[in-house]
Structure formats: C-alpha cells, structure tokens
Amino acid sequence: MNEKQQLLRKIKQYDFTLKELNLYLDTHPNCRRGLAMFEKYKGLRNKCISEYTERFGPLTPEQNNDGKHWDWIDDPWPWERR
C-alpha cells in the first residue's frame, strides 16, 4: 500500500470513528469523555485531510487549493482509477 492509500485509509478510519462517536453522543450528550474523544478524532481527521490535500489534491470540490486553477479535476475520476 502506497502513502496515498495509507493516508486515505486513515481518513476513512477516522470517519468511521467519528460516526460511531456521533451516534454515542446522540444518546449521551453530556459525556465528557465521549466529547473529548470526538474532538480528538476530529482533529486527527482534519490533520490527515490537510496533509492529503496538500500532497495529493482535494478529496472534495470545496478543498480546491488553487485560486487560479480548478485542481479538483486534475486526478482521474473514480471510474478511471485502476
């Protein structure tokens, strides 16, 4: 697995963790430990997304990095990837 795939895998893992914490916090809204964990993993996810975007380009259109070029289209589309 190359670095790009590893970073994307980490982002997906953090997404899963945040979704699970979201569900937990929906039923335990005052749990300080749950809230702290949510903030921790949100920060880790954001850090990974920033690193991924800087190194490999945007994951979503709103992460376009260049004010002079629409870099969202620079990578292959999902159906073009092998």
# chains A, B, ... in the order shown; residues from 1 in each chain; ligands from 1
call {"tool": "residues_around", "arguments": {"residues": "Lys4 (chain A)", "least_positions_apart": "4", "cutoff": "12 Å", "atoms": "only C-alpha atoms", "output": "NGL selection string"}}
result
:A and (8-11 or 48-49 or 51-57 or 59)
call {"tool": "write_last_selection", "arguments": {"atoms": "N, CA and C atoms", "output": "short mmCIF file (atom, residue, chain, number, x, y, z; two decimals), in the first residue's frame"}}
result
data_model
loop_
_atom_site.label_atom_id
_atom_site.label_comp_id
_atom_site.auth_asym_id
_atom_site.auth_seq_id
_atom_site.Cartn_x
_atom_site.Cartn_y
_atom_site.Cartn_z
N LEU A 8 -5.37 7.82 2.93
CA LEU A 8 -6.80 7.72 2.67
C LEU A 8 -7.46 6.70 3.61
N ARG A 9 -6.76 5.62 3.88
CA ARG A 9 -7.28 4.62 4.82
C ARG A 9 -7.43 5.21 6.22
N LYS A 10 -6.45 6.00 6.65
CA LYS A 10 -6.54 6.66 7.97
C LYS A 10 -7.75 7.59 8.02
N ILE A 11 -7.97 8.35 6.96
CA ILE A 11 -9.11 9.27 6.91
C ILE A 11 -10.41 8.48 7.04
N CYS A 48 -5.14 14.83 8.82
CA CYS A 48 -4.92 13.90 7.70
C CYS A 48 -5.48 14.46 6.40
N ILE A 49 -6.65 15.07 6.47
CA ILE A 49 -7.25 15.64 5.26
C ILE A 49 -6.38 16.79 4.74
N GLU A 51 -3.14 17.13 5.15
CA GLU A 51 -1.94 16.52 4.58
C GLU A 51 -2.25 15.90 3.21
N TYR A 52 -3.35 15.18 3.13
CA TYR A 52 -3.73 14.54 1.88
C TYR A 52 -3.94 15.59 0.79
N THR A 53 -4.69 16.64 1.12
CA THR A 53 -4.99 17.69 0.15
C THR A 53 -3.72 18.38 -0.33
N GLU A 54 -2.81 18.63 0.59
CA GLU A 54 -1.55 19.29 0.23
C GLU A 54 -0.69 18.40 -0.67
N ARG A 55 -0.65 17.11 -0.38
CA ARG A 55 0.23 16.20 -1.11
C ARG A 55 -0.39 15.63 -2.38
N PHE A 56 -1.71 15.35 -2.34
CA PHE A 56 -2.32 14.60 -3.44
C PHE A 56 -3.50 15.29 -4.10
N GLY A 57 -3.90 16.43 -3.61
CA GLY A 57 -5.03 17.13 -4.20
C GLY A 57 -6.29 16.96 -3.37
N LEU A 59 -9.97 16.03 -1.86
CA LEU A 59 -10.88 14.89 -1.78
C LEU A 59 -12.30 15.28 -2.18
#
call {"tool": "residues_around", "arguments": {"residues": "Leu21 (chain A)", "least_positions_apart": "3", "cutoff": "8 Å", "atoms": "only C-alpha atoms", "output": "list in words"}}
result
Thr17, Leu18, Tyr24, Leu25, Gly34, Met37 and Phe38 of chain A
call {"tool": "atom_distance", "arguments": {"atom1": "CA of Arg32 (chain A)", "atom2": "CA of Lys47 (chain A)"}}
result
22.5 Å
call {"tool": "atom_distance", "arguments": {"atom1": "CA of Ile73 (chain A)", "atom2": "CA of Gln13 (chain A)"}}
result
25.2 Å
call {"tool": "atom_distance", "arguments": {"atom1": "CA of Gly43 (chain A)", "atom2": "CA of Glu62 (chain A)"}}
result
18.5 Å
call {"tool": "select_by_dssp", "arguments": {"residues": "chain A", "states": "helix (DSSP H, G or I)", "output": "ChimeraX atom specification"}}
result
/A:3-27,32-56,61-63,71-73,78-80
call {"tool": "closest_residue", "arguments": {"among": "A:Asp15, A:Gln5, A:Trp70, A:Pro29", "to": "Leu44 (chain A)", "atoms": "only C-alpha atoms"}}
result
A:Asp15
